[in-house]
$ cat start02.txt   # compact mmCIF, C-alpha atoms
# COMPACT_ATOMS: atom_id res chain seq x y z
CA MET D 1421 23.50 9.88 36.29
CA LYS D 1422 22.57 12.79 34.06
CA PHE D 1423 19.37 12.57 31.96
CA SER D 1424 18.32 14.84 29.11
CA VAL D 1425 14.69 15.12 28.02
CA VAL D 1426 14.26 16.30 24.43
CA VAL D 1427 11.50 18.85 23.86
CA PHE D 1428 9.92 19.04 20.41
CA PRO D 1429 7.21 21.53 19.52
CA GLY D 1430 4.14 19.52 20.57
CA SER D 1431 5.81 17.33 23.19
CA ASN D 1432 3.50 17.16 26.20
CA CYS D 1433 5.03 14.52 28.46
CA ASP D 1434 8.39 16.24 28.76
CA ASP D 1435 7.62 17.68 32.19
CA ASP D 1436 6.35 14.31 33.41
CA ALA D 1437 9.56 12.60 32.28
CA PHE D 1438 11.61 15.38 33.90
CA GLN D 1439 9.76 14.91 37.21
CA ALA D 1440 10.03 11.12 37.09
CA VAL D 1441 13.82 11.43 36.84
CA ARG D 1442 14.21 14.27 39.32
CA SER D 1443 11.67 13.30 42.00
CA GLY D 1444 11.13 9.60 41.32
CA LEU D 1445 14.73 8.66 40.67
CA GLY D 1446 16.49 11.59 42.37
CA GLN D 1447 18.89 12.19 39.50
CA PRO D 1448 19.86 15.37 37.61
CA VAL D 1449 17.95 16.12 34.44
CA SER D 1450 17.67 18.94 31.93
CA PHE D 1451 15.54 19.76 28.92
CA VAL D 1452 17.10 19.90 25.46
CA TRP D 1453 15.28 21.89 22.77
CA HIS D 1454 14.77 20.18 19.40
CA GLY D 1455 16.82 22.86 17.64
CA SER D 1456 19.93 22.07 19.69
CA GLU D 1457 22.60 19.54 18.84
CA ASP D 1458 24.00 19.65 22.38
CA LEU D 1459 22.68 16.82 24.56
CA GLU D 1460 24.14 18.51 27.64
CA ASN D 1461 26.39 15.74 28.95
CA ALA D 1462 23.60 13.20 28.95
CA ASP D 1463 24.19 9.68 30.18
CA ALA D 1464 20.68 8.85 28.99
CA VAL D 1465 18.34 10.66 26.60
CA ILE D 1466 14.55 10.50 26.86
CA LEU D 1467 12.37 11.23 23.84
CA PRO D 1468 9.05 11.99 25.56
CA GLY D 1469 5.46 11.49 24.52
CA GLY D 1470 3.22 14.04 22.87
CA PHE D 1471 2.44 15.19 19.37
CA SER D 1472 5.72 16.44 17.94
CA TYR D 1473 5.04 18.84 15.07
CA GLY D 1474 1.35 18.15 15.53
CA ASP D 1475 1.77 14.58 14.21
CA TYR D 1476 1.69 16.16 10.74
CA LEU D 1477 2.47 13.86 7.81
CA ARG D 1478 2.96 10.82 10.10
CA THR D 1479 3.64 10.53 13.82
CA GLY D 1480 7.30 11.35 14.38
CA ALA D 1481 7.94 12.00 10.69
CA ILE D 1482 8.96 15.64 10.97
CA ALA D 1483 10.75 15.32 14.32
CA ARG D 1484 13.13 12.95 12.58
CA PHE D 1485 14.62 15.89 10.64
CA SER D 1486 15.18 18.15 13.66
CA PRO D 1487 18.80 19.02 14.59
CA VAL D 1488 18.56 17.28 17.96
CA MET D 1489 17.92 13.94 16.25
CA SER D 1490 21.30 14.13 14.50
CA ALA D 1491 22.82 14.40 17.96
CA VAL D 1492 20.66 11.57 19.29
CA LYS D 1493 21.73 9.35 16.37
CA ARG D 1494 25.40 10.01 17.11
CA PHE D 1495 24.78 9.46 20.84
CA ALA D 1496 23.06 6.12 20.16
CA ALA D 1497 25.78 5.04 17.72
CA GLY D 1498 28.32 5.63 20.50
CA GLY D 1499 26.40 3.35 22.85
CA GLY D 1500 24.42 6.08 24.63
CA LEU D 1501 21.16 5.07 26.29
CA VAL D 1502 18.02 6.31 24.51
CA LEU D 1503 14.49 5.75 25.83
CA GLY D 1504 11.64 6.65 23.47
CA ILE D 1505 8.23 6.83 25.11
CA CYS D 1506 5.06 6.84 23.01
CA ASN D 1507 5.66 9.64 20.47
CA GLY D 1508 9.35 9.18 21.31
CA PHE D 1509 9.01 5.55 20.19
CA GLN D 1510 7.31 6.71 16.99
CA ILE D 1511 10.19 9.14 16.36
CA LEU D 1512 12.76 6.35 16.86
CA LEU D 1513 10.91 4.27 14.25
CA GLU D 1514 10.83 7.12 11.74
CA THR D 1515 14.49 7.87 12.42
CA GLY D 1516 15.39 4.24 11.77
CA LEU D 1517 17.01 3.74 15.18
CA LEU D 1518 14.39 1.03 15.71
CA PRO D 1519 12.75 -1.12 13.00
CA GLY D 1520 9.07 -1.20 12.04
CA ALA D 1521 6.32 1.42 11.93
CA MET D 1522 3.14 2.45 13.72
CA LEU D 1523 -0.36 2.11 12.31
CA CYS D 1524 -3.64 3.49 13.67
CA ASN D 1525 -4.98 1.49 16.61
CA SER D 1526 -7.09 -1.35 15.24
CA ASN D 1527 -10.22 0.10 16.91
CA LEU D 1528 -9.38 3.56 15.46
CA ARG D 1529 -9.68 5.14 18.90
CA PHE D 1530 -7.33 7.09 21.09
CA ILE D 1531 -6.80 4.74 24.04
CA CYS D 1532 -5.86 6.20 27.41
CA ARG D 1533 -5.83 3.68 30.27
CA PRO D 1534 -3.49 1.56 32.38
CA VAL D 1535 -2.38 -1.69 30.76
CA HIS D 1536 -0.44 -4.69 31.98
CA LEU D 1537 2.94 -5.40 30.45
CA ARG D 1538 4.90 -8.61 30.55
CA VAL D 1539 8.66 -8.13 30.74
CA GLU D 1540 10.17 -10.29 27.98
CA ASN D 1541 13.82 -9.26 28.27
CA ALA D 1542 15.14 -8.34 31.74
CA SER D 1543 18.81 -8.10 30.84
CA LEU D 1544 18.75 -4.70 29.14
CA PRO D 1545 19.99 -1.50 30.82
CA PHE D 1546 16.31 -0.47 30.83
CA THR D 1547 14.93 -3.62 32.48
CA ARG D 1548 17.69 -5.10 34.62
CA SER D 1549 15.78 -4.33 37.84
CA THR D 1550 12.89 -6.51 36.62
CA ARG D 1551 12.64 -10.22 35.87
CA VAL D 1552 11.32 -12.02 32.82
CA GLY D 1553 7.59 -12.64 33.20
CA GLN D 1554 7.14 -9.80 35.69
CA VAL D 1555 3.94 -7.83 35.05
CA LEU D 1556 4.11 -4.03 35.17
CA THR D 1557 1.03 -1.81 35.21
CA ILE D 1558 1.68 1.35 33.21
CA PRO D 1559 -0.73 3.59 31.27
CA ILE D 1560 -0.90 3.96 27.51
CA ALA D 1561 -2.25 7.05 25.76
CA HIS D 1562 -2.12 6.90 21.98
CA ALA D 1563 -4.04 6.65 18.71
CA GLU D 1564 -1.16 5.19 16.66
CA GLY D 1565 0.35 2.41 18.74
CA ASN D 1566 -0.42 -0.51 16.47
CA TYR D 1567 3.14 -1.71 15.95
CA PHE D 1568 3.86 -3.24 12.56
CA ALA D 1569 6.95 -4.97 11.20
CA ASP D 1570 7.32 -7.25 8.19
CA GLU D 1571 7.72 -10.99 8.81
CA ARG D 1572 11.48 -10.99 8.50
CA THR D 1573 11.92 -8.10 10.95
CA LEU D 1574 9.49 -9.63 13.42
CA ALA D 1575 11.31 -12.97 13.30
CA GLU D 1576 14.58 -11.15 13.92
CA LEU D 1577 13.14 -9.25 16.91
CA GLN D 1578 11.81 -12.51 18.35
CA ARG D 1579 15.01 -14.49 17.75
CA GLN D 1580 17.30 -11.80 19.19
CA GLY D 1581 15.20 -11.20 22.30
CA ARG D 1582 14.51 -7.64 21.26
CA ILE D 1583 10.84 -7.63 22.22
CA VAL D 1584 11.07 -5.96 25.62
CA PHE D 1585 7.40 -5.71 26.67
CA ARG D 1586 4.18 -7.39 25.54
CA TYR D 1587 0.63 -6.38 26.44
CA CYS D 1588 -0.77 -9.03 28.80
CA ALA D 1589 -3.37 -9.81 31.45
CA LEU D 1590 -2.78 -9.10 35.13
CA GLY D 1591 -1.55 -12.68 35.50
CA GLY D 1592 0.91 -12.30 32.60
CA GLU D 1593 -1.01 -14.20 29.91
CA VAL D 1594 -0.61 -12.73 26.44
CA THR D 1595 -3.81 -13.21 24.43
CA PRO D 1596 -5.57 -11.35 21.59
CA GLU D 1597 -7.94 -9.91 24.23
CA THR D 1598 -5.09 -8.30 26.17
CA ASN D 1599 -3.80 -6.52 23.06
CA PRO D 1600 -5.27 -3.00 23.22
CA ASN D 1601 -4.25 -1.66 19.82
CA GLY D 1602 -3.68 -4.54 17.40
CA SER D 1603 0.12 -4.52 17.68
CA ILE D 1604 1.78 -7.42 15.92
CA ASP D 1605 2.72 -10.13 18.44
CA SER D 1606 1.24 -7.88 21.21
CA ILE D 1607 4.42 -5.79 21.11
CA ALA D 1608 4.48 -2.83 23.52
CA GLY D 1609 8.22 -2.14 23.40
CA ILE D 1610 11.32 -3.17 21.45
CA ALA D 1611 15.09 -2.68 21.60
CA ASN D 1612 17.75 -2.16 18.95
CA GLU D 1613 20.28 -4.89 18.28
CA GLU D 1614 22.85 -3.41 20.68
CA GLY D 1615 20.28 -3.00 23.47
CA ASN D 1616 21.04 0.67 24.16
CA VAL D 1617 17.93 2.08 22.46
CA ILE D 1618 14.39 1.10 23.36
CA GLY D 1619 10.99 2.38 22.38
CA MET D 1620 7.80 1.70 24.31
CA MET D 1621 4.23 2.91 23.87
CA PRO D 1622 3.31 2.83 27.60
CA HIS D 1623 4.29 5.82 29.72
CA PRO D 1624 6.59 4.83 32.63
CA GLU D 1625 6.81 8.47 33.69
CA ARG D 1626 3.06 8.42 34.39
CA ALA D 1627 3.58 5.49 36.76
CA SER D 1628 6.47 6.83 38.80
CA ASP D 1629 4.74 8.16 41.90
CA ALA D 1630 2.28 6.39 44.23
CA ARG D 1631 0.02 9.43 43.89
CA LEU D 1632 -0.33 8.61 40.19
CA GLY D 1633 -1.65 5.14 40.96
CA SER D 1634 1.44 3.08 40.14
CA THR D 1635 5.17 3.20 40.65
CA ASP D 1636 5.90 0.38 38.22
CA GLY D 1637 7.40 2.85 35.75
CA LEU D 1638 10.24 3.44 38.19
CA TYR D 1639 11.54 -0.06 37.45
CA ILE D 1640 12.72 1.29 34.11
CA PHE D 1641 14.37 4.40 35.53
CA ARG D 1642 15.93 2.42 38.39
CA SER D 1643 17.24 -0.14 35.95
CA LEU D 1644 19.04 2.60 34.06
CA LEU D 1645 20.60 3.98 37.23
CA ASP D 1646 21.60 0.50 38.36
CA TRP D 1647 23.24 -0.18 35.00
CA PHE D 1648 24.99 3.19 34.99
CA GLU D 1649 26.42 2.67 38.46
CA GLN D 1650 27.65 -0.78 37.62
CA MET D 1651 29.34 0.52 34.46
CA ARG D 1652 30.92 3.37 36.38
CA ASN D 1653 32.19 1.04 39.10
CA ALA D 1654 33.57 -1.29 36.47
CA GLU D 1655 35.38 1.66 34.87
CA CYS D 1656 36.82 2.78 38.20
CA GLY D 1657 37.81 -0.77 38.97
CA VAL D 1658 36.28 -0.47 42.41
CA ARG D 1659 32.91 -1.38 43.85
CA SER D 1660 32.59 1.87 45.72
CA GLN D 1661 29.55 3.93 46.56
CA ALA D 1662 31.27 7.17 45.57
CA ALA D 1663 28.98 9.98 44.61
CA VAL D 1664 27.78 10.02 41.03
CA PRO D 1665 29.41 12.98 39.27
CA HIS D 1666 26.28 15.09 39.15
CA SER D 1667 26.13 17.97 36.80
CA ALA D 1668 24.24 20.93 38.16
CA LEU D 1669 20.49 20.74 37.93
CA ARG D 1670 19.40 23.01 35.18
CA THR D 1671 16.14 24.82 35.35
CA PRO D 1672 13.69 24.04 32.59
CA HIS D 1673 13.65 26.71 29.95
CA SER D 1674 10.37 28.34 29.07
CA LYS D 1675 8.43 26.84 26.21
CA MET I 632 4.93 23.00 -12.98
CA LYS I 633 3.05 20.84 -10.55
CA ALA I 634 3.31 17.34 -9.13
CA LYS I 635 0.64 15.21 -7.56
CA VAL I 636 1.78 12.50 -5.17
CA PHE I 637 -0.51 9.76 -3.88
CA VAL I 638 0.50 7.83 -0.75
CA ALA I 639 -1.30 4.72 0.48
CA LEU I 640 -0.66 1.85 2.84
CA LYS I 641 0.86 -1.18 1.14
CA ARG I 642 -1.55 -3.94 0.16
CA THR I 643 0.12 -6.21 2.71
CA VAL I 644 -0.62 -3.78 5.57
CA LEU I 645 -4.02 -3.74 7.21
CA ASP I 646 -5.79 -0.39 6.73
CA PRO I 647 -8.19 0.00 9.67
CA GLN I 648 -9.55 3.31 8.37
CA GLY I 649 -10.24 1.90 4.93
CA LYS I 650 -12.00 -1.10 6.49
CA THR I 651 -14.18 1.20 8.61
CA ILE I 652 -15.14 3.29 5.58
CA LEU I 653 -15.92 0.09 3.65
CA ALA I 654 -18.22 -1.09 6.45
CA ALA I 655 -19.96 2.31 6.53
CA LEU I 656 -20.51 2.26 2.76
CA ARG I 657 -21.95 -1.25 2.98
CA ASP I 658 -24.29 -0.06 5.76
CA LEU I 659 -25.40 2.75 3.46
CA GLY I 660 -26.39 0.18 0.86
CA TYR I 661 -23.43 0.40 -1.55
CA ALA I 662 -23.34 -3.34 -2.06
CA ASP I 663 -20.98 -3.09 -5.06
CA VAL I 664 -18.14 -1.48 -3.11
CA ALA I 665 -15.63 -4.30 -2.74
CA ASP I 666 -12.73 -2.55 -1.01
CA VAL I 667 -11.58 0.85 0.30
CA ARG I 668 -8.03 1.98 0.92
CA GLN I 669 -7.44 5.35 2.54
CA GLY I 670 -4.40 7.39 1.58
CA LYS I 671 -2.92 10.86 1.32
CA PHE I 672 -2.64 13.28 -1.56
CA PHE I 673 0.02 15.98 -1.96
CA GLU I 674 0.07 18.74 -4.52
CA ILE I 675 3.58 20.11 -4.91
CA GLY I 676 4.38 23.25 -6.86
CA LEU I 677 7.76 23.26 -8.65
CA SER I 678 9.82 25.97 -10.35
CA ASP I 679 8.61 26.45 -13.92
CA GLY I 680 12.13 26.23 -15.32
CA LEU I 681 12.61 22.68 -14.06
CA GLY I 682 12.92 19.99 -16.73
CA ALA I 683 10.46 17.11 -16.69
CA GLU I 684 13.15 14.54 -15.93
CA GLN I 685 14.60 16.64 -13.08
CA ALA I 686 11.11 17.15 -11.69
CA ARG I 687 10.46 13.41 -11.69
CA GLN I 688 13.76 12.70 -9.94
CA GLN I 689 13.11 15.28 -7.24
CA ILE I 690 9.54 14.15 -6.66
CA GLU I 691 10.60 10.53 -6.40
CA ARG I 692 13.25 11.41 -3.86
CA ILE I 693 10.85 13.57 -1.84
CA ALA I 694 8.17 10.88 -1.91
CA ARG I 695 10.60 8.15 -0.90
CA ASP I 696 12.51 10.04 1.80
CA VAL I 697 9.83 12.23 3.34
CA LEU I 698 6.25 11.68 2.22
CA THR I 699 6.17 7.93 2.82
CA ASN I 700 7.34 5.53 5.45
CA PRO I 701 8.59 2.70 3.23
CA VAL I 702 7.88 0.12 5.95
CA ILE I 703 4.13 0.55 5.54
CA GLU I 704 3.44 2.87 2.61
CA GLU I 705 3.88 3.14 -1.16
CA PHE I 706 3.41 6.05 -3.55
CA SER I 707 2.58 6.99 -7.10
CA TYR I 708 2.85 10.41 -8.75
CA GLN I 709 2.14 12.53 -11.81
CA VAL I 710 4.08 15.57 -13.01
CA GLU I 711 2.06 18.17 -14.89
CA PRO I 712 3.33 21.20 -16.81
$ encode --input "start02.txt" --output "structure tokens"
Amino acid sequence: MKFSVVVFPGSNCDDDAFQAVRSGLGQPVSFVWHGSEDLENADAVILPGGFSYGDYLRTGAIARFSPVMSAVKRFAAGGGLVLGICNGFQILLETGLLPGAMLCNSNLRFICRPVHLRVENASLPFTRSTRVGQVLTIPIAHAEGNYFADERTLAELQRQGRIVFRYCALGGEVTPETNPNGSIDSIAGIANEEGNVIGMMPHPERASDARLGSTDGLYIFRSLLDWFEQMRNAECGVRSQAAVPHSALRTPHSK
Amino acid sequence: MKAKVFVALKRTVLDPQGKTILAALRDLGYADVADVRQGKFFEIGLSDGLGAEQARQQIERIARDVLTNPVIEEFSYQVEP
């Protein structure tokens, strides 16, 4: 399964996402520069965390107009898998691939610490290796993660099962105290209507190696691989373990 | 020709920065300050040959499509010769 990690000027979690896919998941991955419209045969695209374009104007507001986002929009419209992490989530909101917007954290601070997440929808390509109610421990690192949506949008997200993760306690309870940033309905991650695009504020790539303190982030990457293999087997009409058609590993370009 | 665009969070959206500034002003003894909303201000230079109506149309489009996120923000503007 081939992954592409988009690199905007100001992205700073691109290498982490690259490593999570290559070392944590053992799959091929390449970087795609924001000025390119070629997603390099991606089966899944990751929009990584960071401060694209310095967060000028609004987080993700300028990245939305970069050439690569035209390609990402077409990719998503065709059913391609898109995972937006932190600033990547903010970019997906600005682009309109996901509904809602981000406000400053309610305590006005940059928060960088592990949080507990309750899986709310375990049937998505991104979560199929988890179960509903499972608690993942994954770090957040943001100043604008206070998710906001109007009442109608929120009701739609709730009704359609599009809230993927909620901030919770270690035991899974969702309370105002377990909400680190003031997000409406304790939302940490949402999906689009089709379920092929998700955005999440926590950083799964920072929890993809035991040396980093948690491997819970790998559930998301493994889910994607699991989904991809099932789709491929369904297409081939056989339940074989044939090798995934790997494209050659590309070396990261210099930034 | 010049345009001034003011962007602020909608009234229905909580403004944590405005609330913090309000609390600070109260602490400083400004008892008459009832509310604070924080926003952004843009000064945009336009070609001198542009008509007033064209200028307004362009500024409205720029404000709507780029300067604001309509989910949480609203804008107002002035065009000056």
$ atom_distance --input "start02.txt" --atom1 "atom CA of I:Asp658" --atom2 "atom CA of D:Cys1524"
22.4 Å
$ axis_aligned_box --input "start02.txt" --around "stretch 1525-1534 of chain D" --padding-each-side "3 Å" --output "lines of an AutoDock Vina configuration file"
center_x = -6.9
center_y = 2.9
center_z = 23.8
size_x = 12.7
size_y = 14.4
size_z = 23.1
$ interface_residues --input "start02.txt" --of "chain I" --to "chain D" --cutoff "7 Å" --atoms "all atoms listed in the file" --output "list in words"
Pro647, Val702 and Ile703 of chain I
$ residues_around --input "start02.txt" --residues "I:Gly682" --least-positions-apart "6" --cutoff "12 Å" --atoms "all atoms listed in the file" --output "ChimeraX atom specification"
/I:632-633,688-689,710-712
$ residues_around --input "start02.txt" --residues "D:Ser1424" --least-positions-apart "6" --cutoff "8 Å" --atoms "all atoms listed in the file" --output "list in words"
Val1449, Ser1450, Phe1451, Val1452, Leu1459, Glu1460, Ala1462, Asp1463, Ala1464, Val1465 and Ile1466 of chain D
$ residues_around --input "start02.txt" --residues "I:Ile675" --least-positions-apart "2" --cutoff "12 Å" --atoms "all atoms listed in the file" --output "MDAnalysis selection string"
chainID I and resid 632:637 672:673 677:678 686:687 689:691 693:694 698 708:712
$ atom_distance --input "start02.txt" --atom1 "atom CA of D:Ile1610" --atom2 "atom CA of D:Tyr1639"
16.3 Å
$ atom_distance --input "start02.txt" --atom1 "atom CA of D:Ser1486" --atom2 "atom CA of D:Phe1471"
14.3 Å
$ residues_around --input "start02.txt" --residues "D:Leu1644" --least-positions-apart "6" --cutoff "8 Å" --atoms "all atoms listed in the file" --output "number ranges by chain"
D: 1545-1548
$ closest_residue --input "start02.txt" --among "D:Gly1470, D:Asp1436, D:Arg1538, D:Val1427" --to "D:Ser1456" --atoms "all atoms listed in the file"
D:Val1427
$ closest_residue --input "start02.txt" --among "D:Arg1572, D:Arg1586, D:His1536, D:Arg1494" --to "D:Leu1556" --atoms "only C-alpha atoms"
D:His1536
$ decode --input "start02.txt" --residues "stretch 671-705 of chain I" --atoms "C-alpha atoms" --output "tab-separated table (two decimals), in the first residue's frame"
chain	number	residue	atom	x	y	z
I	671	LYS	CA	-8.33	41.24	12.33
I	672	PHE	CA	-7.83	44.30	10.19
I	673	PHE	CA	-6.60	44.32	6.58
I	674	GLU	CA	-5.58	47.34	4.56
I	675	ILE	CA	-5.70	46.53	0.86
I	676	GLY	CA	-4.30	48.83	-1.80
I	677	LEU	CA	-6.17	48.81	-5.13
I	678	SER	CA	-5.38	50.19	-8.60
I	679	ASP	CA	-6.36	53.86	-8.76
I	680	GLY	CA	-8.27	53.36	-12.01
I	681	LEU	CA	-10.71	50.93	-10.42
I	682	GLY	CA	-14.32	52.13	-10.15
I	683	ALA	CA	-15.94	52.25	-6.73
I	684	GLU	CA	-18.48	49.56	-7.59
I	685	GLN	CA	-15.80	47.23	-9.02
I	686	ALA	CA	-13.66	47.81	-5.94
I	687	ARG	CA	-16.54	46.88	-3.66
I	688	GLN	CA	-17.25	43.71	-5.63
I	689	GLN	CA	-13.63	42.61	-5.55
I	690	ILE	CA	-13.21	43.35	-1.86
I	691	GLU	CA	-16.38	41.47	-1.00
I	692	ARG	CA	-15.20	38.46	-2.96
I	693	ILE	CA	-11.73	38.57	-1.39
I	694	ALA	CA	-13.18	38.94	2.11
I	695	ARG	CA	-15.66	36.12	1.60
I	696	ASP	CA	-13.36	33.64	-0.16
I	697	VAL	CA	-10.01	34.28	1.50
I	698	LEU	CA	-9.94	36.64	4.47
I	699	THR	CA	-12.71	34.94	6.44
I	700	ASN	CA	-13.76	31.44	7.29
I	701	PRO	CA	-17.53	31.79	6.95
I	702	VAL	CA	-18.11	29.01	9.49
I	703	ILE	CA	-16.85	31.18	12.34
I	704	GLU	CA	-16.16	34.68	11.04
I	705	GLU	CA	-17.90	37.70	9.52
